[in-house]
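Below is one structure, written out as structure tokens, with a few remarks after it.
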Amino acid sequence: MKKKICHLTSVHSINDSRIFYRECFSLLKNGFNVSYIVPNVEEKCENNIHIIGVHCKKQGRLYRMFIFPRFIYKKALEINADIYHFHDPELMPVGLKLMKAGKKVIYDVHEDIRKKMTSKPYIPTLIGYILNILIGWYEDVCVKKFSGVVCATDFIAKRFYSLNSNVVVVKNYPIINPIDIDVERESNCCVFAGILSENLCIYEMVESLALTKNKIKLYLAGRWSDEKYRLKVMSSRGWKYVDFLGYCSKQKVQELMQRASIGIVLQRDNFVMRQAISTKLFEYMQNILPVISSNLPLHKEINDEFCNQILVDPLVLSEVAGAIDYLIDNVDVAREKGCNGRRAICEKYNWTSEELKLIDLYNRL
């Protein structure tokens with residue numbers, strides 16, 4: 001009989017690239033029966049994965065953290081799965097309850113929540129420090145009890161090896177898909193699709209467009225992190241060069257990456273961003289795009305081996321603008337960097353090896 005698996009989230013979307021397109025699809029492909037509990041969607045079957053929606057009545061952080069998980073837990077019990085795999089730290093109490101109900105539970109750690117508490121601009125420093133300690137203590141207590149822990153980066157996993165014997169690093173590397181290498185791209189065209197937040201330097205990205213020598217266009221797609229930041233970015237001198245598309249489907253984003261000639265991913269240099277590589281970088285590489293990225297250690301490590309990026313300080317607008325102009329003026333260099341990135345994906349940075357680690361963990365539980 002197929003093992004019944006249920007993924008749980010109180011925050012992520014139905015088409016989350018890590019949860020749905022990587023992990024759920026991989027489990028399904030390997031013979032598991034897969035369900036996915038996700039906020040605010042209608043119940044349906046998509047690609048043989050059972051989607052179960054739980055309505056979140058309010059949008060406030062406190063409600064989402066302390067009240068909404070109760071409804072997630074109730075729905076999870078109805079599924080009666082063999083293994084539950086949850087993706088948000090606020091669902092740790094749900095994970096403990098499911099363990100008490102005799103279920104196997106996997107905690108998927110996407111980011112370092114302790115450091116995240118001290119990097120939130122709306123959390124005062126002292127309160128962030130106290131939350132760091134309390135949440136860290138509670139997370140350690142929970143991790144010791146869970147059946148397994150999946151971590152998105154090596155850095156995150158280091159904290160848990162001494163607490164749980166089933167810790168596995170499963171990175172967000174892309175699934176290798178066939179790409180039309182002869183597709184006609186728009187010259188002088190950049191793209192960014194993702195969360196439009198201060199940590200991803202969207203203001204600096206847009207502002208730098210006003211400093212380029214070449215006439216430039218930026219396809220910008222995604223949801224804003226907050227209204228205040230949206231207004232700031234839209235007041236930039238470079239906004240007139242932006243084709244803003246709002247939130248786009250995965251298919252639409254793929255079309256944009258096939259249409260553009262340069263991918264941009266700028267990450268602010270802080271502790272949280274230094275410990276992770278944006279999945280956007282890998283998506284650009286997958287689509288044979290030369291990349292302008294922040295000069296962070298993990299980006300540099302890839303670039304040193306494959307020479308697929310131009311590394312810049314994202315807060316120095318002249319560097320960003322200069323990199324855009326360089327790739328536009330040097331088409332052969334841009335093409336070579338794009339091909340190098342694609343080679344890196346095919347040879348090293350792909351989902352195939354990560355899938356094997358995920359399936360091995362499930363088979364051991």
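Residue names in the structure tokens use chain letters A, B, ... in the order shown, residue numbers from 1 in each chain, and ligand numbers from 1 in the order shown.
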
Item to check | DSSP-assigned strand (DSSP E) among region 119-152 of chain A, expressed as number ranges by chain | outcome: A: 148-151

For the contact check between region 213-249 of chain A and region 176-194 of chain A, emit one row per residue of region 213-249 of chain A within 9 Å, containing the shortest atom pair and the distance in Å rounded to one decimal, counting only C-alpha atoms, chain then rising number order, as CSV.
```
residue,atom,partner,partner_atom,distance
A:Asn214,CA,A:Asn188,CA,7.4
A:Lys215,CA,A:Asn188,CA,6.8
A:Ile216,CA,A:Asn188,CA,5.1
A:Lys217,CA,A:Cys189,CA,4.9
A:Leu218,CA,A:Cys190,CA,4.7
A:Tyr219,CA,A:Val191,CA,4.7
A:Leu220,CA,A:Phe192,CA,5.2
A:Ala221,CA,A:Ala193,CA,4.5
A:Gly222,CA,A:Gly194,CA,4.8
A:Arg223,CA,A:Gly194,CA,7.1
A:Tyr247,CA,A:Gly194,CA,8.3
A:Cys248,CA,A:Ala193,CA,8.2
```

Please save C-alpha atoms of the selected residues as a PDB file, in the first residue's frame.
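The new file selection05.pdb reads:
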```
ATOM      1  CA  ASN A 214      21.485  52.241 -22.878  1.00  0.00           C
ATOM      2  CA  LYS A 215      17.728  52.476 -23.187  1.00  0.00           C
ATOM      3  CA  ILE A 216      16.544  49.679 -20.901  1.00  0.00           C
ATOM      4  CA  LYS A 217      13.362  47.853 -19.912  1.00  0.00           C
ATOM      5  CA  LEU A 218      12.782  45.816 -16.758  1.00  0.00           C
ATOM      6  CA  TYR A 219      10.056  43.194 -16.534  1.00  0.00           C
ATOM      7  CA  LEU A 220       9.107  43.284 -12.849  1.00  0.00           C
ATOM      8  CA  ALA A 221       6.695  40.656 -11.534  1.00  0.00           C
ATOM      9  CA  GLY A 222       5.607  39.658  -8.042  1.00  0.00           C
ATOM     10  CA  ARG A 223       3.816  40.772  -4.903  1.00  0.00           C
ATOM     11  CA  TYR A 247       1.826  38.513  -9.555  1.00  0.00           C
ATOM     12  CA  CYS A 248       2.367  36.054 -12.427  1.00  0.00           C
TER      13      CYS A 248
END
```

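Using only C-alpha atoms for every distance, the candidate list A:Glu283, A:Met273, A:Ser236, A:Leu27 yields A:Met273 as the residue closest to Pro297 (chain A).
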
Assign secondary structure with DSSP using the backbone only, and return the residues of region 4-142 of chain A in helix (DSSP H, G or I) as a JSON list (two decimals) with N, CA and C atoms, in the first residue's frame.
```
[["chain", "number", "residue", "atom", "x", "y", "z"],
["A", 17, "SER", "N", 7.23, 26.81, -5.21],
["A", 17, "SER", "CA", 8.17, 26.03, -6.03],
["A", 17, "SER", "C", 8.84, 24.91, -5.25],
["A", 18, "ARG", "N", 9.16, 25.13, -3.98],
["A", 18, "ARG", "CA", 9.81, 24.09, -3.19],
["A", 18, "ARG", "C", 8.82, 23.01, -2.77],
["A", 19, "ILE", "N", 7.69, 23.45, -2.21],
["A", 19, "ILE", "CA", 6.75, 22.48, -1.64],
["A", 19, "ILE", "C", 6.02, 21.71, -2.72],
["A", 20, "PHE", "N", 5.38, 22.43, -3.64],
["A", 20, "PHE", "CA", 4.50, 21.77, -4.61],
["A", 20, "PHE", "C", 5.28, 21.18, -5.78],
["A", 21, "TYR", "N", 6.06, 22.03, -6.46],
["A", 21, "TYR", "CA", 6.68, 21.58, -7.71],
["A", 21, "TYR", "C", 7.89, 20.68, -7.50],
["A", 22, "ARG", "N", 8.57, 20.82, -6.36],
["A", 22, "ARG", "CA", 9.71, 19.95, -6.12],
["A", 22, "ARG", "C", 9.32, 18.76, -5.24],
["A", 23, "GLU", "N", 8.96, 19.05, -3.99],
["A", 23, "GLU", "CA", 8.78, 17.97, -3.03],
["A", 23, "GLU", "C", 7.54, 17.13, -3.30],
["A", 24, "CYS", "N", 6.38, 17.76, -3.47],
["A", 24, "CYS", "CA", 5.16, 16.99, -3.72],
["A", 24, "CYS", "C", 5.24, 16.19, -5.02],
["A", 25, "PHE", "N", 5.74, 16.82, -6.07],
["A", 25, "PHE", "CA", 5.85, 16.12, -7.35],
["A", 25, "PHE", "C", 6.82, 14.94, -7.25],
["A", 26, "SER", "N", 7.93, 15.13, -6.55],
["A", 26, "SER", "CA", 8.91, 14.07, -6.40],
["A", 26, "SER", "C", 8.32, 12.88, -5.63],
["A", 27, "LEU", "N", 7.59, 13.18, -4.56],
["A", 27, "LEU", "CA", 6.95, 12.11, -3.78],
["A", 27, "LEU", "C", 5.94, 11.35, -4.63],
["A", 28, "LEU", "N", 5.14, 12.08, -5.38],
["A", 28, "LEU", "CA", 4.15, 11.45, -6.26],
["A", 28, "LEU", "C", 4.82, 10.54, -7.28],
["A", 29, "LYS", "N", 5.90, 11.05, -7.88],
["A", 29, "LYS", "CA", 6.64, 10.29, -8.89],
["A", 29, "LYS", "C", 7.21, 9.00, -8.32],
["A", 61, "ARG", "N", -0.73, 39.01, 11.70],
["A", 61, "ARG", "CA", 0.34, 38.08, 12.06],
["A", 61, "ARG", "C", -0.03, 37.24, 13.28],
["A", 62, "LEU", "N", -0.61, 37.85, 14.30],
["A", 62, "LEU", "CA", -0.95, 37.13, 15.53],
["A", 62, "LEU", "C", -1.99, 36.04, 15.26],
["A", 63, "TYR", "N", -2.99, 36.37, 14.45],
["A", 63, "TYR", "CA", -4.00, 35.38, 14.10],
["A", 63, "TYR", "C", -3.36, 34.22, 13.36],
["A", 64, "ARG", "N", -2.49, 34.53, 12.39],
["A", 64, "ARG", "CA", -1.86, 33.50, 11.57],
["A", 64, "ARG", "C", -0.95, 32.60, 12.42],
["A", 65, "MET", "N", -0.31, 33.19, 13.44],
["A", 65, "MET", "CA", 0.64, 32.44, 14.23],
["A", 65, "MET", "C", -0.01, 31.60, 15.33],
["A", 66, "PHE", "N", -1.09, 32.10, 15.92],
["A", 66, "PHE", "CA", -1.62, 31.44, 17.11],
["A", 66, "PHE", "C", -3.01, 30.84, 16.95],
["A", 67, "ILE", "N", -3.81, 31.34, 16.02],
["A", 67, "ILE", "CA", -5.18, 30.83, 15.87],
["A", 67, "ILE", "C", -5.31, 29.93, 14.65],
["A", 68, "PHE", "N", -4.82, 30.39, 13.52],
["A", 68, "PHE", "CA", -4.97, 29.65, 12.27],
["A", 68, "PHE", "C", -4.41, 28.23, 12.32],
["A", 69, "PRO", "N", -3.27, 27.99, 13.01],
["A", 69, "PRO", "CA", -2.75, 26.62, 13.08],
["A", 69, "PRO", "C", -3.73, 25.60, 13.66],
["A", 70, "ARG", "N", -4.67, 26.05, 14.49],
["A", 70, "ARG", "CA", -5.66, 25.12, 15.04],
["A", 70, "ARG", "C", -6.53, 24.53, 13.92],
["A", 71, "PHE", "N", -6.86, 25.36, 12.94],
["A", 71, "PHE", "CA", -7.68, 24.89, 11.81],
["A", 71, "PHE", "C", -6.86, 23.98, 10.89],
["A", 72, "ILE", "N", -5.57, 24.30, 10.76],
["A", 72, "ILE", "CA", -4.67, 23.43, 9.99],
["A", 72, "ILE", "C", -4.60, 22.05, 10.63],
["A", 73, "TYR", "N", -4.47, 22.02, 11.96],
["A", 73, "TYR", "CA", -4.37, 20.75, 12.69],
["A", 73, "TYR", "C", -5.64, 19.91, 12.53],
["A", 74, "LYS", "N", -6.78, 20.57, 12.65],
["A", 74, "LYS", "CA", -8.05, 19.85, 12.50],
["A", 74, "LYS", "C", -8.16, 19.21, 11.13],
["A", 75, "LYS", "N", -7.79, 19.95, 10.10],
["A", 75, "LYS", "CA", -7.86, 19.42, 8.73],
["A", 75, "LYS", "C", -6.83, 18.30, 8.53],
["A", 76, "ALA", "N", -5.66, 18.46, 9.14],
["A", 76, "ALA", "CA", -4.61, 17.44, 9.02],
["A", 76, "ALA", "C", -5.07, 16.12, 9.60],
["A", 77, "LEU", "N", -5.75, 16.15, 10.72],
["A", 77, "LEU", "CA", -6.24, 14.92, 11.34],
["A", 77, "LEU", "C", -7.25, 14.22, 10.44],
["A", 78, "GLU", "N", -8.06, 14.99, 9.74],
["A", 78, "GLU", "CA", -9.06, 14.41, 8.83],
["A", 78, "GLU", "C", -8.39, 13.63, 7.69],
["A", 79, "ILE", "N", -7.21, 14.07, 7.28],
["A", 79, "ILE", "CA", -6.50, 13.41, 6.18],
["A", 79, "ILE", "C", -6.00, 12.03, 6.61],
["A", 89, "PRO", "N", 7.38, 27.65, 10.87],
["A", 89, "PRO", "CA", 7.68, 27.49, 12.29],
["A", 89, "PRO", "C", 6.46, 27.63, 13.20],
["A", 90, "GLU", "N", 5.46, 28.40, 12.77],
["A", 90, "GLU", "CA", 4.26, 28.52, 13.60],
["A", 90, "GLU", "C", 3.45, 27.23, 13.66],
["A", 91, "LEU", "N", 3.82, 26.26, 12.81],
["A", 91, "LEU", "CA", 3.14, 24.96, 12.84],
["A", 91, "LEU", "C", 3.87, 23.93, 13.71],
["A", 92, "MET", "N", 4.91, 24.36, 14.42],
["A", 92, "MET", "CA", 5.60, 23.42, 15.31],
["A", 92, "MET", "C", 4.66, 22.82, 16.36],
["A", 93, "PRO", "N", 3.76, 23.61, 16.98],
["A", 93, "PRO", "CA", 2.81, 22.99, 17.92],
["A", 93, "PRO", "C", 1.91, 21.96, 17.24],
["A", 94, "VAL", "N", 1.54, 22.22, 15.99],
["A", 94, "VAL", "CA", 0.75, 21.25, 15.22],
["A", 94, "VAL", "C", 1.56, 19.96, 15.03],
["A", 95, "GLY", "N", 2.84, 20.12, 14.71],
["A", 95, "GLY", "CA", 3.71, 18.95, 14.54],
["A", 95, "GLY", "C", 3.78, 18.12, 15.81],
["A", 96, "LEU", "N", 3.89, 18.76, 16.97],
["A", 96, "LEU", "CA", 3.95, 18.03, 18.24],
["A", 96, "LEU", "C", 2.65, 17.28, 18.50],
["A", 97, "LYS", "N", 1.52, 17.92, 18.22],
["A", 97, "LYS", "CA", 0.23, 17.25, 18.41],
["A", 97, "LYS", "C", 0.09, 16.04, 17.51],
["A", 98, "LEU", "N", 0.56, 16.15, 16.28],
["A", 98, "LEU", "CA", 0.49, 15.02, 15.36],
["A", 98, "LEU", "C", 1.40, 13.89, 15.82],
["A", 99, "MET", "N", 2.56, 14.23, 16.39],
["A", 99, "MET", "CA", 3.44, 13.20, 16.96],
["A", 99, "MET", "C", 2.73, 12.47, 18.10],
["A", 100, "LYS", "N", 2.03, 13.21, 18.95],
["A", 100, "LYS", "CA", 1.30, 12.59, 20.06],
["A", 100, "LYS", "C", 0.18, 11.70, 19.57],
["A", 113, "ILE", "N", 14.99, 31.06, 11.56],
["A", 113, "ILE", "CA", 13.98, 31.94, 12.15],
["A", 113, "ILE", "C", 14.55, 32.76, 13.31],
["A", 114, "ARG", "N", 15.60, 32.27, 13.95],
["A", 114, "ARG", "CA", 16.17, 33.05, 15.06],
["A", 114, "ARG", "C", 16.76, 34.36, 14.53],
["A", 115, "LYS", "N", 17.57, 34.25, 13.49],
["A", 115, "LYS", "CA", 18.18, 35.44, 12.91],
["A", 115, "LYS", "C", 17.14, 36.33, 12.23],
["A", 116, "LYS", "N", 16.09, 35.70, 11.74],
["A", 116, "LYS", "CA", 15.04, 36.47, 11.07],
["A", 116, "LYS", "C", 14.37, 37.43, 12.06],
["A", 117, "MET", "N", 14.23, 37.00, 13.32],
["A", 117, "MET", "CA", 13.60, 37.85, 14.33],
["A", 117, "MET", "C", 14.38, 39.14, 14.55],
["A", 118, "THR", "N", 15.70, 39.06, 14.45],
["A", 118, "THR", "CA", 16.51, 40.25, 14.70],
["A", 118, "THR", "C", 16.74, 41.10, 13.45],
["A", 119, "SER", "N", 16.23, 40.62, 12.31],
["A", 119, "SER", "CA", 16.42, 41.38, 11.07],
["A", 119, "SER", "C", 15.14, 42.06, 10.59],
["A", 125, "THR", "N", 14.86, 46.17, 18.50],
["A", 125, "THR", "CA", 16.05, 45.34, 18.69],
["A", 125, "THR", "C", 15.96, 44.47, 19.94],
["A", 126, "LEU", "N", 15.59, 45.05, 21.07],
["A", 126, "LEU", "CA", 15.53, 44.29, 22.33],
["A", 126, "LEU", "C", 14.50, 43.17, 22.25],
["A", 127, "ILE", "N", 13.31, 43.50, 21.70],
["A", 127, "ILE", "CA", 12.27, 42.49, 21.58],
["A", 127, "ILE", "C", 12.71, 41.38, 20.63],
["A", 128, "GLY", "N", 13.38, 41.78, 19.53],
["A", 128, "GLY", "CA", 13.89, 40.79, 18.59],
["A", 128, "GLY", "C", 14.89, 39.86, 19.25],
["A", 129, "TYR", "N", 15.73, 40.40, 20.12],
["A", 129, "TYR", "CA", 16.73, 39.58, 20.82],
["A", 129, "TYR", "C", 16.04, 38.59, 21.76],
["A", 130, "ILE", "N", 15.03, 39.05, 22.48],
["A", 130, "ILE", "CA", 14.31, 38.17, 23.41],
["A", 130, "ILE", "C", 13.57, 37.07, 22.63],
["A", 131, "LEU", "N", 12.91, 37.47, 21.52],
["A", 131, "LEU", "CA", 12.22, 36.48, 20.69],
["A", 131, "LEU", "C", 13.20, 35.46, 20.12],
["A", 132, "ASN", "N", 14.37, 35.93, 19.76],
["A", 132, "ASN", "CA", 15.42, 35.06, 19.24],
["A", 132, "ASN", "C", 15.71, 33.93, 20.23],
["A", 133, "ILE", "N", 15.88, 34.29, 21.49],
["A", 133, "ILE", "CA", 16.19, 33.30, 22.52],
["A", 133, "ILE", "C", 15.01, 32.35, 22.75],
["A", 134, "LEU", "N", 13.81, 32.90, 22.89],
["A", 134, "LEU", "CA", 12.64, 32.09, 23.21],
["A", 134, "LEU", "C", 12.28, 31.14, 22.06],
["A", 135, "ILE", "N", 12.25, 31.69, 20.85],
["A", 135, "ILE", "CA", 11.89, 30.86, 19.70],
["A", 135, "ILE", "C", 12.97, 29.80, 19.46],
["A", 136, "GLY", "N", 14.23, 30.19, 19.63],
["A", 136, "GLY", "CA", 15.32, 29.23, 19.46],
["A", 136, "GLY", "C", 15.22, 28.08, 20.44],
["A", 137, "TRP", "N", 14.90, 28.40, 21.70],
["A", 137, "TRP", "CA", 14.73, 27.35, 22.72],
["A", 137, "TRP", "C", 13.57, 26.42, 22.35],
["A", 138, "TYR", "N", 12.44, 27.01, 21.96],
["A", 138, "TYR", "CA", 11.27, 26.19, 21.62],
["A", 138, "TYR", "C", 11.54, 25.33, 20.38],
["A", 139, "GLU", "N", 12.21, 25.90, 19.39],
["A", 139, "GLU", "CA", 12.52, 25.14, 18.19],
["A", 139, "GLU", "C", 13.41, 23.95, 18.51],
["A", 140, "ASP", "N", 14.40, 24.14, 19.38],
["A", 140, "ASP", "CA", 15.29, 23.04, 19.78],
["A", 140, "ASP", "C", 14.51, 21.92, 20.47],
["A", 141, "VAL", "N", 13.58, 22.30, 21.36],
["A", 141, "VAL", "CA", 12.76, 21.31, 22.06],
["A", 141, "VAL", "C", 11.95, 20.48, 21.06],
["A", 142, "CYS", "N", 11.35, 21.17, 20.09],
["A", 142, "CYS", "CA", 10.50, 20.48, 19.11],
["A", 142, "CYS", "C", 11.32, 19.58, 18.18]]
```

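If only C-alpha atoms are the atoms counted, then among A:Asn80, A:His55, A:Ile14, A:Val291 the closest residue to Asn33 (chain A) is A:Asn80.
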
Next on the checklist: Which residues are near region 319-329 of chain A? Cut-off 10 Å, only C-alpha atoms, ignore same chain within fewer than 4 positions. Put them as JSON, numbers by chain.
Outcome noted: {"A": [187, 188, 189, 190, 204, 205, 206, 207, 208, 209, 210, 211, 212, 213, 214, 215, 216, 261, 262, 263, 264, 266, 290, 291, 292, 293, 294, 309, 310, 311, 312, 313, 314, 315, 333, 334, 335, 337]}

Residues from the last selection, C-alpha atoms, saved as a compact mmCIF listing (two decimals), in the first residue's frame:
```txt
# COMPACT_ATOMS: atom_id res chain seq x y z
CA SER A 187 17.64 43.15 -26.41
CA ASN A 188 18.18 45.67 -23.60
CA CYS A 189 15.69 43.79 -21.43
CA CYS A 190 16.11 42.69 -17.80
CA GLU A 204 18.01 49.99 -5.94
CA MET A 205 17.34 47.75 -8.93
CA VAL A 206 14.77 50.18 -10.34
CA GLU A 207 16.70 53.34 -9.44
CA SER A 208 19.80 52.06 -11.24
CA LEU A 209 17.85 51.93 -14.53
CA ALA A 210 17.92 55.73 -14.64
CA LEU A 211 21.74 55.65 -14.66
CA THR A 212 22.25 53.29 -17.60
CA LYS A 213 23.64 54.64 -20.87
CA ASN A 214 21.49 52.24 -22.88
CA LYS A 215 17.73 52.48 -23.19
CA ILE A 216 16.54 49.68 -20.90
CA SER A 261 18.27 39.04 -22.04
CA ILE A 262 19.54 39.68 -18.46
CA GLY A 263 18.45 38.34 -15.07
CA ILE A 264 18.90 40.50 -11.95
CA LEU A 266 20.12 41.67 -5.70
CA PRO A 290 23.61 36.09 -17.74
CA VAL A 291 23.05 37.25 -14.17
CA ILE A 292 23.74 40.45 -12.27
CA SER A 293 23.86 39.46 -8.61
CA SER A 294 25.02 40.67 -5.21
CA GLN A 309 27.48 36.35 -13.21
CA ILE A 310 28.59 39.93 -12.74
CA LEU A 311 28.85 40.52 -9.00
CA VAL A 312 27.98 43.99 -7.68
CA ASP A 313 27.36 45.85 -4.46
CA PRO A 314 23.54 46.20 -4.69
CA LEU A 315 23.59 49.49 -2.78
CA VAL A 333 30.17 37.87 -23.18
CA ALA A 334 26.52 37.89 -22.09
CA ARG A 335 25.79 34.83 -24.22
CA LYS A 337 27.80 33.74 -19.23
```

Next on the checklist: Can you pull out the residues contacting Asn30 (chain A)? Cut-off 12 Å, using only C-alpha atoms, and skip same-chain residues under 4 positions away; I want them as an NGL selection string.
Outcome noted: :A and (2-3 or 5 or 23-26 or 34 or 355-356 or 358-360 or 362-363)

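Coordinates place CA of Cys6 (chain A) at a distance of 26.2 Å from CA of Lys158 (chain A).
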
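CA of Arg268 (chain A) lies 10.1 Å from CA of Ser197 (chain A).
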
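Closest approach to Lys4 (chain A) among A:Cys346, A:Ile49, A:Cys201, A:Leu245 is made by A:Ile49 (distances from only C-alpha atoms).
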
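Of the listed residues A:His110, A:Ser278, A:Leu298, A:Val54, the one whose atoms come nearest to Glu42 (chain A) is A:Val54, with distances taken using only C-alpha atoms.
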
Next on the checklist: as a PyMOL selection string, please: the residues near Glu347 (chain A) (cut-off 12 Å, only C-alpha atoms, same-chain neighbours under 3 positions excluded).
Outcome noted: chain A and resi 173-174+176+285-286+305-306+340-344+350-353

Output the selection as a CSV table (one decimal), in the first residue's frame - N, CA and C atoms for each residue.
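Result saved to again_9.csv:
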```
chain,number,residue,atom,x,y,z
A,173,TYR,N,17.5,23.5,-5.6
A,173,TYR,CA,18.0,23.5,-6.9
A,173,TYR,C,16.9,23.3,-7.9
A,174,PRO,N,17.0,23.8,-9.2
A,174,PRO,CA,15.9,23.7,-10.1
A,174,PRO,C,15.8,22.3,-10.7
A,176,ILE,N,15.6,20.2,-14.0
A,176,ILE,CA,16.2,20.4,-15.3
A,176,ILE,C,15.0,20.3,-16.3
A,285,MET,N,19.8,30.9,-14.4
A,285,MET,CA,20.8,30.0,-14.9
A,285,MET,C,20.2,28.9,-15.8
A,286,GLN,N,19.1,28.4,-15.3
A,286,GLN,CA,18.3,27.4,-16.0
A,286,GLN,C,17.9,27.9,-17.4
A,305,GLU,N,33.5,29.2,-10.1
A,305,GLU,CA,33.6,28.0,-10.8
A,305,GLU,C,33.1,28.0,-12.2
A,306,PHE,N,32.0,28.8,-12.4
A,306,PHE,CA,31.3,28.7,-13.7
A,306,PHE,C,31.3,30.1,-14.5
A,340,ASN,N,27.2,29.3,-19.6
A,340,ASN,CA,27.9,28.8,-18.4
A,340,ASN,C,27.0,28.5,-17.3
A,341,GLY,N,26.0,29.4,-17.1
A,341,GLY,CA,25.0,29.1,-16.1
A,341,GLY,C,24.2,27.9,-16.3
A,342,ARG,N,23.8,27.7,-17.6
A,342,ARG,CA,23.0,26.5,-17.9
A,342,ARG,C,23.9,25.3,-17.7
A,343,ARG,N,25.1,25.3,-18.0
A,343,ARG,CA,26.0,24.2,-17.8
A,343,ARG,C,26.1,23.8,-16.4
A,344,ALA,N,26.2,24.9,-15.5
A,344,ALA,CA,26.3,24.7,-14.1
A,344,ALA,C,25.0,23.9,-13.5
A,350,ASN,N,21.2,21.0,-9.7
A,350,ASN,CA,19.9,20.5,-10.1
A,350,ASN,C,19.2,19.7,-9.1
A,351,TRP,N,17.9,19.5,-9.3
A,351,TRP,CA,17.1,18.9,-8.3
A,351,TRP,C,17.3,17.4,-8.2
A,352,THR,N,17.8,16.7,-9.2
A,352,THR,CA,17.9,15.3,-9.2
A,352,THR,C,18.6,14.7,-7.9
A,353,SER,N,19.7,15.2,-7.5
A,353,SER,CA,20.4,14.7,-6.4
A,353,SER,C,19.6,15.0,-5.1
```

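In this model, the gap between CA of Gly102 (chain A) and CA of His12 (chain A) comes to 25.9 Å.
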